[in-house]
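Asks: Sharing coords.txt here; it has compact mmCIF, C-alpha atoms.
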# COMPACT_ATOMS: atom_id res chain seq x y z
CA MET A 199 0.00 0.00 0.00
CA SER A 200 1.40 3.36 -0.90
CA GLY A 201 2.19 5.83 1.84
CA GLU A 202 -0.06 8.39 0.25
CA ALA A 203 -3.04 6.25 1.19
CA ASP A 204 -2.58 7.23 4.80
CA TRP A 205 -3.32 10.88 4.09
CA VAL A 206 -6.98 11.81 4.23
CA PRO A 207 -8.42 15.19 3.16
CA VAL A 208 -10.11 17.20 5.92
CA ALA A 209 -10.62 20.72 4.50
CA LEU A 210 -9.80 23.08 1.69
CA SER A 211 -6.80 25.15 2.77
CA ALA A 212 -8.71 28.34 1.97
CA SER A 213 -11.53 27.42 4.36
CA ILE A 214 -9.33 27.50 7.45
CA GLU A 215 -8.12 31.06 7.88
CA PRO A 216 -5.15 31.85 10.15
CA GLY A 217 -6.18 32.01 13.79
CA THR A 218 -9.33 29.90 13.33
CA SER A 219 -10.55 26.37 13.97
CA ALA A 220 -13.27 24.12 12.59
CA GLY A 221 -14.53 20.61 13.18
CA ALA A 222 -14.17 17.76 10.69
CA VAL A 223 -15.21 14.11 10.94
CA VAL A 224 -13.42 11.24 9.18
CA GLU A 225 -15.17 7.87 9.41
CA GLY A 226 -16.71 8.84 12.72
CA LEU A 227 -13.49 10.23 14.19
CA GLU A 228 -14.03 13.80 15.36
CA LEU A 229 -11.18 16.14 14.50
CA VAL A 230 -10.36 19.77 15.03
CA VAL A 231 -8.63 21.43 12.10
CA TRP A 232 -6.99 24.69 13.11
CA ARG A 233 -4.48 27.12 11.73
CA ASP A 234 -2.15 29.09 13.99
CA ASP A 235 -1.47 32.78 13.50
CA ALA A 236 1.73 31.96 11.64
CA GLY A 237 -0.28 29.95 9.10
CA LYS A 238 0.59 26.37 10.04
CA ALA A 239 -2.31 23.89 9.93
CA HIS A 240 -2.92 21.39 12.74
CA VAL A 241 -5.23 18.38 12.97
CA TRP A 242 -6.00 16.91 16.40
CA GLU A 243 -8.54 14.81 18.17
CA ASP A 244 -11.48 17.16 18.79
CA ARG A 245 -11.64 16.71 22.54
CA CYS A 246 -10.31 18.61 25.53
CA PRO A 247 -9.15 16.03 28.11
CA HIS A 248 -10.56 18.16 30.91
CA ARG A 249 -14.32 17.99 30.29
CA GLY A 250 -14.52 16.48 26.84
CA MET A 251 -15.49 19.76 25.17
CA ARG A 252 -14.86 19.94 21.44
CA MET A 253 -11.69 21.90 20.74
CA SER A 254 -13.20 23.07 17.45
CA PHE A 255 -15.37 25.39 19.57
CA GLY A 256 -12.16 26.82 21.01
CA PHE A 257 -10.08 29.81 20.11
CA VAL A 258 -6.62 30.20 18.62
CA ARG A 259 -4.08 32.57 20.11
CA GLY A 260 -0.67 32.62 18.46
CA ASP A 261 0.41 28.98 18.16
CA HIS A 262 -1.86 27.79 20.98
CA ILE A 263 -5.48 26.70 20.89
CA ALA A 264 -7.61 27.07 24.01
CA CYS A 265 -10.75 25.26 25.08
CA LEU A 266 -13.91 27.34 25.16
CA TYR A 267 -15.07 25.85 28.46
CA HIS A 268 -12.28 26.69 30.90
CA GLY A 269 -9.54 28.16 28.75
CA TRP A 270 -7.08 25.27 29.03
CA SER A 271 -4.49 26.21 26.45
CA TYR A 272 -2.46 23.76 24.34
CA ASP A 273 0.76 24.28 22.40
CA ALA A 274 1.39 23.08 18.84
CA ALA A 275 2.44 19.65 20.14
CA GLY A 276 -0.93 19.16 21.91
CA GLN A 277 0.63 19.69 25.34
CA CYS A 278 -1.44 21.68 27.84
CA ARG A 279 0.57 24.74 28.86
CA HIS A 280 -1.83 26.89 30.84
CA ILE A 281 -4.84 26.38 33.09
CA PRO A 282 -6.39 29.77 33.92
CA ALA A 283 -7.93 28.53 37.20
CA HIS A 284 -4.45 27.49 38.38
CA PRO A 285 -2.18 30.09 36.77
CA ASP A 286 0.92 29.07 38.75
CA LEU A 287 0.58 25.35 38.09
CA ASP A 288 3.35 23.63 36.19
CA VAL A 289 0.93 21.65 34.00
CA PRO A 290 1.60 17.88 34.13
CA LYS A 291 2.94 16.34 30.94
CA THR A 292 0.07 13.84 30.96
CA ILE A 293 -2.45 16.55 30.05
CA ARG A 294 -2.27 16.51 26.30
CA ILE A 295 -4.44 16.04 23.25
CA THR A 296 -3.81 13.37 20.60
CA THR A 297 -2.33 15.09 17.58
CA TYR A 298 -2.06 13.81 14.02
CA ASP A 299 0.39 14.60 11.28
CA ALA A 300 -1.03 17.39 9.17
CA GLY A 301 0.14 18.55 5.78
CA GLU A 302 -0.95 20.86 3.00
CA ALA A 303 -0.69 20.13 -0.70
CA GLY A 304 -2.78 20.89 -3.76
CA GLY A 305 -4.89 23.46 -1.88
CA MET A 306 -6.00 20.87 0.69
CA ILE A 307 -5.31 20.16 4.34
CA TRP A 308 -4.53 16.48 4.90
CA ALA A 309 -4.21 14.40 8.04
CA ARG A 310 -2.55 11.08 8.77
CA LEU A 311 -4.81 9.43 11.28
CA ALA A 312 -4.49 6.79 13.97
CA GLY A 313 -2.90 3.56 12.83
CA ALA A 314 -1.24 5.11 9.81
CA ALA A 315 2.40 4.20 9.42
CA GLU A 316 4.90 7.01 9.32
CA THR A 317 6.09 6.46 5.81
CA GLY A 318 7.61 9.82 5.15
CA HIS A 319 5.47 10.21 2.04
CA PRO A 320 4.13 13.74 1.63
CA PRO A 321 0.39 14.20 1.05
CA PRO A 322 -0.72 13.85 -2.58
CA ASP A 323 -0.10 16.94 -4.66
CA PHE A 324 -2.22 17.09 -7.80
CA GLY A 325 -0.79 20.23 -9.26
CA ASN A 326 -1.75 23.86 -9.27
CA THR A 327 -5.39 24.15 -8.40
CA LEU A 328 -7.90 26.76 -7.30
CA PRO A 329 -10.44 25.93 -4.59
CA VAL A 330 -14.10 25.96 -5.62
CA ARG A 331 -15.86 24.78 -2.48
CA SER A 332 -16.42 21.92 -0.07
CA LEU A 333 -19.73 20.20 -0.75
CA TYR A 334 -21.26 18.00 1.93
CA ALA A 335 -23.81 15.37 0.96
CA ASP A 336 -25.74 12.61 2.70
CA CYS A 337 -24.71 9.58 0.67
CA SER A 338 -22.13 6.82 0.65
CA LEU A 339 -18.74 7.09 -1.05
CA ALA A 340 -19.76 4.31 -3.46
CA HIS A 341 -22.91 6.19 -4.42
CA ALA A 342 -21.02 9.46 -4.85
CA LEU A 343 -18.54 7.79 -7.22
CA ALA A 344 -21.33 6.07 -9.16
CA VAL A 345 -23.07 9.43 -9.67
CA LEU A 346 -19.84 11.26 -10.55
CA LYS A 347 -19.10 8.65 -13.23
CA GLN A 348 -22.18 9.62 -15.18
CA THR A 349 -22.41 13.26 -14.35
CA TYR A 350 -22.58 16.14 -16.77
CA LEU A 351 -20.06 18.94 -16.43
CA PRO A 352 -20.46 22.55 -17.49
CA GLY A 353 -18.83 22.60 -20.92
CA GLY A 354 -18.86 26.31 -21.69
CA LYS A 355 -21.21 28.11 -24.11
CA GLY A 356 -24.19 26.27 -22.60
CA LYS A 357 -22.75 22.92 -23.60
CA THR A 358 -22.59 20.02 -21.20
CA VAL A 359 -20.46 16.94 -21.45
CA VAL A 360 -20.22 13.76 -19.41
CA GLY A 361 -17.05 13.97 -17.36
CA GLN A 362 -14.36 11.32 -17.30
CA LEU A 363 -13.80 10.19 -13.74
CA GLN A 364 -10.38 8.89 -12.82
CA ALA A 365 -8.76 7.96 -9.51
CA VAL A 366 -5.43 9.78 -9.36
CA ALA A 367 -4.41 9.27 -5.73
CA PRO A 368 -5.98 7.73 -2.64
CA HIS A 369 -9.12 9.80 -1.85
CA VAL A 370 -8.58 11.95 -4.95
CA TRP A 371 -10.36 11.78 -8.30
CA THR A 372 -10.24 13.98 -11.36
CA LEU A 373 -13.29 14.70 -13.45
CA GLU A 374 -12.51 15.98 -16.92
CA GLY A 375 -14.72 17.58 -19.50
CA ASP A 376 -13.79 19.40 -22.69
CA ALA A 377 -11.77 22.24 -21.27
CA LEU A 378 -12.51 21.70 -17.62
CA ARG A 379 -10.58 19.59 -15.17
CA LEU A 380 -11.83 19.19 -11.61
CA SER A 381 -9.97 17.60 -8.76
CA ILE A 382 -12.21 16.15 -6.08
CA ALA A 383 -10.78 15.01 -2.74
CA ILE A 384 -13.38 12.99 -0.89
CA GLN A 385 -13.64 12.92 2.89
CA VAL A 386 -15.67 9.97 4.14
CA ILE A 387 -17.49 11.35 7.17
CA GLY A 388 -19.65 8.31 7.83
CA PRO A 389 -21.41 5.47 5.98
CA GLN A 390 -23.93 7.95 4.53
CA ASN A 391 -22.02 11.23 4.66
CA VAL A 392 -19.26 12.53 2.44
CA GLY A 393 -17.46 15.81 1.97
CA LEU A 394 -16.37 16.60 -1.58
CA HIS A 395 -13.54 19.14 -1.66
CA ILE A 396 -13.70 20.50 -5.19
CA LEU A 397 -10.89 22.32 -6.99
CA VAL A 398 -10.30 23.34 -10.60
CA ASN A 399 -7.04 23.39 -12.47
CA GLU A 400 -5.41 26.77 -12.60
CA GLY A 401 -6.32 27.41 -16.22
CA SER A 402 -10.05 27.27 -15.42
CA LYS A 403 -10.35 30.31 -13.14
CA GLU A 404 -13.25 31.80 -15.10
CA THR A 405 -15.31 28.64 -14.60
CA ILE A 406 -15.23 28.67 -10.81
CA ALA A 407 -18.69 30.20 -10.34
CA ASP A 408 -20.16 27.76 -12.90
CA VAL A 409 -18.58 24.85 -11.06
CA ALA A 410 -19.95 26.11 -7.74
CA GLN A 411 -23.46 26.21 -9.25
CA TRP A 412 -22.91 22.78 -10.72
CA ALA A 413 -21.93 21.51 -7.27
CA VAL A 414 -25.28 22.59 -5.80
CA ALA A 415 -27.06 20.57 -8.48
CA LEU A 416 -24.69 17.67 -7.86
CA ARG A 417 -25.72 17.61 -4.18
CA LEU A 418 -29.38 17.37 -5.19
CA THR A 419 -28.52 14.44 -7.44
CA LEU A 420 -26.40 12.72 -4.80
CA GLU A 421 -29.20 12.97 -2.25
CA ALA A 422 -32.10 12.15 -4.57
CA PRO A 423 -33.86 8.93 -3.61
CA VAL A 424 -32.59 6.05 -5.72
CA VAL A 425 -35.56 5.08 -7.85
CA LEU A 426 -34.20 1.86 -9.29
CA ALA A 427 -32.48 -0.74 -7.21
CA GLU A 428 -28.81 -0.99 -8.07
CA VAL A 429 -28.47 -4.55 -9.35
CA MET A 430 -25.12 -6.20 -9.21
CA MET B 3 -36.38 56.60 30.67
CA ALA B 4 -35.27 56.04 27.12
CA ALA B 5 -37.74 56.50 24.27
CA LEU B 6 -37.25 52.87 23.33
CA THR B 7 -38.40 49.96 25.46
CA LEU B 8 -37.66 46.39 24.48
CA TYR B 9 -39.67 43.56 26.01
CA ALA B 10 -37.38 40.58 25.71
CA HIS B 11 -36.02 37.30 27.01
CA ALA B 12 -32.24 36.83 27.18
CA LEU B 13 -32.25 33.38 25.51
CA ASP B 14 -34.65 34.24 22.70
CA GLU B 15 -32.89 34.61 19.36
CA ASN B 16 -35.45 36.96 17.82
CA CYS B 17 -34.92 39.31 20.76
CA TYR B 18 -31.18 39.00 20.08
CA ARG B 19 -31.78 40.14 16.49
CA VAL B 20 -33.33 43.34 17.81
CA ARG B 21 -30.70 43.86 20.51
CA LEU B 22 -27.97 43.58 17.86
CA MET B 23 -29.68 46.19 15.68
CA LEU B 24 -30.05 48.57 18.63
CA SER B 25 -26.38 48.08 19.43
CA PHE B 26 -25.19 48.57 15.84
CA LEU B 27 -27.20 51.77 15.65
CA GLY B 28 -25.90 52.95 19.03
CA LEU B 29 -29.40 53.47 20.44
CA ALA B 30 -30.14 53.69 24.17
CA TYR B 31 -33.09 51.62 25.31
CA ASP B 32 -34.72 50.12 28.36
CA THR B 33 -35.20 46.39 28.63
CA VAL B 34 -38.18 44.78 30.32
CA ALA B 35 -37.25 41.15 31.02
CA ILE B 36 -40.19 38.89 30.23
CA ASP B 37 -40.42 35.46 31.84
CA MET B 38 -40.91 33.58 28.60
CA VAL B 39 -39.58 30.25 29.97
CA PRO B 40 -41.17 28.77 31.93
CA GLY B 41 -43.67 31.53 32.76
CA GLU B 42 -45.04 32.28 29.26
CA GLU B 43 -45.45 35.84 30.46
CA GLU B 44 -45.52 37.07 26.86
CA LYS B 45 -48.86 35.29 26.47
CA GLY B 46 -50.33 36.88 29.61
CA LEU B 47 -52.93 39.64 29.67
CA ALA B 48 -50.50 42.51 30.18
CA MET B 49 -48.31 41.53 27.24
CA ARG B 50 -51.31 40.63 25.05
CA ALA B 51 -52.46 44.19 25.50
CA LEU B 52 -49.22 45.28 23.82
CA ASN B 53 -49.00 42.46 21.30
CA PRO B 54 -52.15 40.37 20.78
CA LEU B 55 -50.08 37.63 19.18
CA GLY B 56 -48.34 36.97 22.49
CA SER B 57 -44.85 36.71 20.99
CA LEU B 58 -41.47 38.32 21.68
CA PRO B 59 -39.79 40.64 20.94
CA VAL B 60 -42.00 43.70 21.42
CA LEU B 61 -40.58 47.18 20.96
CA LYS B 62 -42.19 50.33 22.21
CA ASP B 63 -40.97 53.44 20.39
CA GLY B 64 -42.71 56.43 21.95
CA ASP B 65 -46.41 55.74 21.46
CA GLN B 66 -45.91 53.10 18.82
CA VAL B 67 -45.63 49.41 19.57
CA PHE B 68 -44.06 46.93 17.17
CA SER B 69 -43.82 43.16 17.26
CA GLY B 70 -42.06 40.69 15.01
CA ALA B 71 -38.27 40.86 14.80
CA GLN B 72 -38.09 41.65 11.09
CA ALA B 73 -40.64 44.47 11.30
CA ILE B 74 -38.73 45.94 14.24
CA LEU B 75 -35.45 45.75 12.30
CA VAL B 76 -37.03 47.57 9.37
CA HIS B 77 -38.52 50.21 11.67
CA LEU B 78 -35.25 50.84 13.50
CA ALA B 79 -33.23 50.98 10.28
CA ARG B 80 -35.63 53.38 8.56
CA ARG B 81 -35.94 55.67 11.56
CA ASN B 82 -32.34 55.74 12.74
CA ASP B 83 -30.09 54.95 9.77
CA PRO B 84 -30.76 57.75 7.25
CA ALA B 85 -27.80 56.68 5.10
CA GLY B 86 -29.62 53.41 4.42
CA THR B 87 -26.60 51.31 5.25
CA TRP B 88 -28.59 48.59 6.94
CA LEU B 89 -31.62 48.84 4.68
CA PRO B 90 -30.67 50.31 1.32
CA LEU B 91 -33.55 51.97 -0.54
CA GLU B 92 -32.14 51.62 -4.04
CA PRO B 93 -34.82 49.31 -5.51
CA ALA B 94 -32.73 46.29 -6.51
CA ALA B 95 -30.71 46.24 -3.28
CA PHE B 96 -33.85 46.87 -1.20
CA ALA B 97 -35.65 43.87 -2.69
CA ALA B 98 -32.59 41.63 -2.34
CA VAL B 99 -32.08 42.62 1.29
CA MET B 100 -35.76 42.10 2.05
CA GLN B 101 -35.68 38.70 0.35
CA TRP B 102 -33.10 37.46 2.84
CA THR B 103 -34.77 39.24 5.73
CA PHE B 104 -38.00 37.37 4.93
CA PHE B 105 -35.95 34.17 4.56
CA SER B 106 -34.98 34.57 8.22
CA ALA B 107 -38.69 34.52 9.12
CA THR B 108 -39.81 31.80 6.71
CA ALA B 109 -37.17 29.20 5.81
CA LEU B 110 -35.28 29.76 9.06
CA SER B 111 -38.43 29.48 11.18
CA SER B 112 -37.61 25.75 11.30
CA ALA B 113 -34.22 26.59 12.82
CA ILE B 114 -35.79 28.91 15.36
CA GLU B 115 -38.44 26.35 16.27
CA ALA B 116 -35.94 23.45 16.40
CA ARG B 117 -33.79 25.45 18.80
CA ARG B 118 -36.82 26.34 20.93
CA LEU B 119 -37.80 22.67 21.19
CA ALA B 120 -34.22 21.53 21.85
CA LEU B 121 -33.68 24.05 24.65
CA PHE B 122 -37.05 24.48 26.27
CA SER B 123 -39.24 21.48 25.56
CA GLN B 124 -39.47 17.83 26.48
CA GLU B 125 -40.81 16.99 23.03
CA ARG B 126 -38.17 15.12 21.06
CA ASP B 127 -39.82 15.19 17.65
CA PHE B 128 -37.82 18.08 16.31
CA TYR B 129 -35.84 16.08 13.75
CA ALA B 130 -38.00 17.14 10.83
CA LEU B 131 -37.51 20.75 11.84
CA ARG B 132 -33.78 20.23 12.09
CA ARG B 133 -33.67 18.75 8.59
CA GLU B 134 -35.52 21.78 7.25
CA ALA B 135 -33.21 24.08 9.17
CA ARG B 136 -30.16 22.38 7.67
CA HIS B 137 -31.66 22.79 4.22
CA ALA B 138 -32.11 26.52 4.84
CA LEU B 139 -28.53 26.87 6.12
CA ARG B 140 -27.27 25.07 3.01
CA ILE B 141 -29.05 27.59 0.80
CA MET B 142 -27.33 30.35 2.74
CA ASP B 143 -23.92 28.66 2.48
CA ASP B 144 -24.38 28.11 -1.28
CA HIS B 145 -25.22 31.80 -1.65
CA MET B 146 -22.18 32.94 0.31
CA VAL B 147 -19.86 30.65 -1.69
CA LEU B 148 -20.89 32.57 -4.80
CA ARG B 149 -20.79 35.96 -3.06
CA HIS B 150 -17.25 35.31 -1.88
CA MET B 151 -16.20 34.36 -5.43
CA LYS B 152 -17.49 37.74 -6.58
CA GLY B 153 -15.43 39.45 -3.89
CA PHE B 154 -18.17 40.18 -1.37
CA GLU B 155 -18.38 39.21 2.30
CA TRP B 156 -22.07 40.03 2.91
CA PHE B 157 -25.41 38.67 1.70
CA GLU B 158 -26.33 41.70 -0.40
CA THR B 159 -24.52 44.95 -1.22
CA ASP B 160 -20.93 45.50 -0.13
CA GLY B 161 -21.67 45.94 3.56
CA PRO B 162 -23.78 44.35 6.28
CA THR B 163 -27.54 44.92 6.05
CA ILE B 164 -30.55 43.72 8.01
CA ALA B 165 -30.41 40.66 5.75
CA ASP B 166 -27.14 39.60 7.39
CA LEU B 167 -28.39 40.61 10.81
CA SER B 168 -31.66 38.70 10.60
CA LEU B 169 -30.03 35.56 9.18
CA LEU B 170 -27.00 35.38 11.44
CA PRO B 171 -28.45 34.29 14.82
CA SER B 172 -29.91 31.03 13.50
CA PHE B 173 -26.48 30.02 12.22
CA ALA B 174 -24.52 31.32 15.21
CA LEU B 175 -26.87 29.39 17.54
CA SER B 176 -27.19 26.23 15.40
CA ARG B 177 -25.29 24.07 17.88
CA ASP B 178 -28.16 24.63 20.31
CA TYR B 179 -30.33 22.50 18.04
CA GLY B 180 -27.64 20.02 17.05
CA ILE B 181 -26.26 21.38 13.78
CA ASP B 182 -22.53 21.92 13.83
CA HIS B 183 -20.65 24.46 11.76
CA ASP B 184 -18.42 21.83 10.07
CA GLU B 185 -20.39 21.72 6.82
CA PHE B 186 -20.77 25.46 6.33
CA PRO B 187 -17.34 26.96 5.56
CA ALA B 188 -18.75 30.04 3.82
CA LEU B 189 -21.06 30.80 6.73
CA ARG B 190 -18.19 30.35 9.20
CA ARG B 191 -16.25 32.97 7.28
CA TRP B 192 -19.28 35.30 7.24
CA LEU B 193 -19.86 34.83 11.00
CA ARG B 194 -16.21 35.68 11.75
CA ARG B 195 -16.55 38.94 9.83
CA PHE B 196 -19.91 39.78 11.39
CA ARG B 197 -18.39 39.36 14.86
CA LEU B 198 -15.90 42.14 14.09
CA LEU B 199 -18.60 44.78 13.45
CA PRO B 200 -18.51 47.64 15.96
CA GLY B 201 -21.36 47.12 18.42
CA PHE B 202 -21.52 43.35 17.99
CA HIS B 203 -22.27 41.42 21.14
CA THR B 204 -23.01 37.80 21.88
CA MET B 205 -25.88 36.05 23.65
CA PRO B 206 -25.86 32.78 25.60
CA GLY B 207 -25.07 30.06 23.05
CA ILE B 208 -22.67 32.22 21.06
CA PRO B 209 -19.09 32.05 22.36
CA ASP B 210 -17.52 35.30 23.56
CA TYR B 211 -14.14 34.04 22.42
CA HIS B 212 -13.46 32.74 18.97
Starting from the file, give its structure as structure tokens.
Replies:
Amino acid sequence: MSGEADWVPVALSASIEPGTSAGAVVEGLELVVWRDDAGKAHVWEDRCPHRGMRMSFGFVRGDHIACLYHGWSYDAAGQCRHIPAHPDLDVPKTIRITTYDAGEAGGMIWARLAGAAETGHPPPDFGNTLPVRSLYADCSLAHALAVLKQTYLPGGKGKTVVGQLQAVAPHVWTLEGDALRLSIAIQVIGPQNVGLHILVNEGSKETIADVAQWAVALRLTLEAPVVLAEVM
Amino acid sequence: MAALTLYAHALDENCYRVRLMLSFLGLAYDTVAIDMVPGEEEKGLAMRALNPLGSLPVLKDGDQVFSGAQAILVHLARRNDPAGTWLPLEPAAFAAVMQWTFFSATALSSAIEARRLALFSQERDFYALRREARHALRIMDDHMVLRHMKGFEWFETDGPTIADLSLLPSFALSRDYGIDHDEFPALRRWLRRFRLLPGFHTMPGIPDYH
């Protein structure tokens, strides 16, 4: 298995501004994705060890993130450094949050989650891309891929063409039409929930708004009741 | 005594809409705290005399009494914001702003009701409401994705209007009714910018720190 397989997409880089945090779920595992003031992205378990509060509700100060409940503040290594109720306490080393390797490539934030071997492979980079949007839909990965395989793409001048879907890296597919090339990194949130992080190749800047509109229609299709049973 | 009196409950999001508007406009006002939960004071005789519908918020401005958050926002903007920043009068912008302001009272009524049930009621059958609320939030997120692509940070025009104000609480408070912010990156961005407006303040359910 290639080392790249261990990297899973969790957000578009552009969606996590410096000094902010957001939640993300990968196969039921709750994560906080946050970016420190210097611009470095971090992906951790989304849980403060104190009271179990989600760290994604917390607030970033410099290269620390603090829990919204009681202000326990953690450094970039996940180590608790400050407890406001006990300002003089030398915080025990055991108070820390599970951190994961995080990387950015191709306009995406990636994480290497529990159980992944440290292979030294960087996250997949699929070239120069521009972010369109993250689209969240209530369907399985298999269903999303089946729909994408037979989906029409905006083809310019009112034309539409069926895109060619191709797996290019673990969790990453390209969908190509006439002039348009989309990269789609898929985050499996749960058995019936996926996040599609959609990017276009750099030459397609003028199509971004069309692709964003297309994505809204795609979500309707992905979530439409399946009329015919899928027969093997 | 100030000319303006707001009858409100601290945990009610429609009252929060009005309190935000008053704050953004820098208006002094008196608050009369109404025991909405559990007392249902807004449905009592004294409050029904002010507002026969028995709902909050109610705003008394001199001799006039207004109810319904959106109507109060429009009244406050027209009376106190002559530049029309919050409610532009140029016809196209006016209609667009009012479209989203009505959205906060129609499509988002599911969000408001889902939150009310989640916080204040023993009934657990709010899942249909929550689904509808999520659908409404998705429409808002889709809209803001496109707005951001065009270089704008607000729902209509190039600054905040009562459209933004009336829509924002249901998103900012969505965790109260079990919808997280994970799936709404464009609304997260919008909320962060809204929080920076001079006069912004939070209510219970919206973190002071972010």
Asks: Would you list which chain B residues are within 8 Å of chain A using all atoms listed in the file, as a tab-separated table (two decimals) with C-alpha atoms, keeping the file's coordinate frame?
Replies:
chain	number	residue	atom	x	y	z
B	144	ASP	CA	-24.38	28.11	-1.28
B	147	VAL	CA	-19.86	30.65	-1.69
B	148	LEU	CA	-20.89	32.57	-4.80
B	151	MET	CA	-16.20	34.36	-5.43
B	183	HIS	CA	-20.65	24.46	11.76
B	184	ASP	CA	-18.42	21.83	10.07
B	185	GLU	CA	-20.39	21.72	6.82
B	187	PRO	CA	-17.34	26.96	5.56
B	188	ALA	CA	-18.75	30.04	3.82
B	191	ARG	CA	-16.25	32.97	7.28
B	209	PRO	CA	-19.09	32.05	22.36
B	211	TYR	CA	-14.14	34.04	22.42
B	212	HIS	CA	-13.46	32.74	18.97
Asks: What lies within 12 Å of Asp160 in chain B using all atoms listed in the file, ignoring chain neighbours under 4 positions off, as a PyMOL selection string?
Replies: chain B and resi 87-88+90+95+99+149-150+152-156+166
Asks: So the first atom is CA of Leu55 in chain B and the second is CA of Val67 in chain B; what is the distance between them in Å, to one decimal place?
Replies: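 Calculated distance between CA of Leu55 in chain B and CA of Val67 in chain B is 12.6 Å.
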Asks: For Ala275 in chain A, work out the shell of residues within 10 Å, counting all atoms listed in the file and skipping chain neighbours fewer than 6 positions away, then give it as a list in words.
Replies: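 The residues satisfying every condition are His240, Trp242, Asp261, His262, Arg294, Ile295, Thr296, Thr297 and Tyr298 of chain A.
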Asks: Do you know which residues are at most 7 Å from range 306-320 of chain A counting all atoms listed in the file, after dropping those on the same chain fewer than 3 positions away, and could you put them as a VMD selection string?
Replies: chain A and resid 201 to 202 204 to 211 241 298 to 303
Asks: Residues at most 12 Å from Ser338 in chain A, counting only C-alpha atoms, excluding those fewer than 2 positions away in the same chain, as a PyMOL selection string?
Replies: chain A and resi 225+334-336+340-345+384-394+420-421
Asks: Take every atom of range 158-168 of chain B listed in the file, pad by 5 Å on each side, and give me the axis-aligned box centre and edge lengths in Å, one decimal, as lines of an AutoDock Vina configuration file.
Replies:
center_x = -26.3
center_y = 42.3
center_z = 4.8
size_x = 20.7
size_y = 17.2
size_z = 22.0
Asks: For a quick check of understanding, using all atoms listed in the file, which of B:Leu175, B:Ala71, B:Ala120, B:Leu131 has the smallest distance to Leu22 in chain B?
Replies: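 Distance minimum relative to Leu22 in chain B lands on B:Ala71.
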Asks: Using only C-alpha atoms, can you tell me which of B:Leu8, B:Asp178, B:Asn53, B:Gly41 comes closest to Leu121 in chain B?
Replies: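 With only C-alpha atoms as the atom set, the closest residue is B:Asp178.
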Asks: I'd like the interatomic distance between CA of Glu374 in chain A and CA of Asp323 in chain A, to a tenth of an Å.
Replies: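 A separation of 17.5 Å between them.
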Asks: Can you measure CA of Leu346 in chain A to CA of Pro329 in chain A for me? One decimal in Å is fine.
Replies: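 These two atoms are separated by 18.4 Å.
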Asks: List as a PyMOL selection string the protein and nucleic acid residues near Val366 in chain A, meaning an atom at most 12 Å away when only C-alpha atoms are counted, but skip any in the same chain fewer than 3 places from it.
Replies: chain A and resi 202-203+322-325+363+369-373+380-383
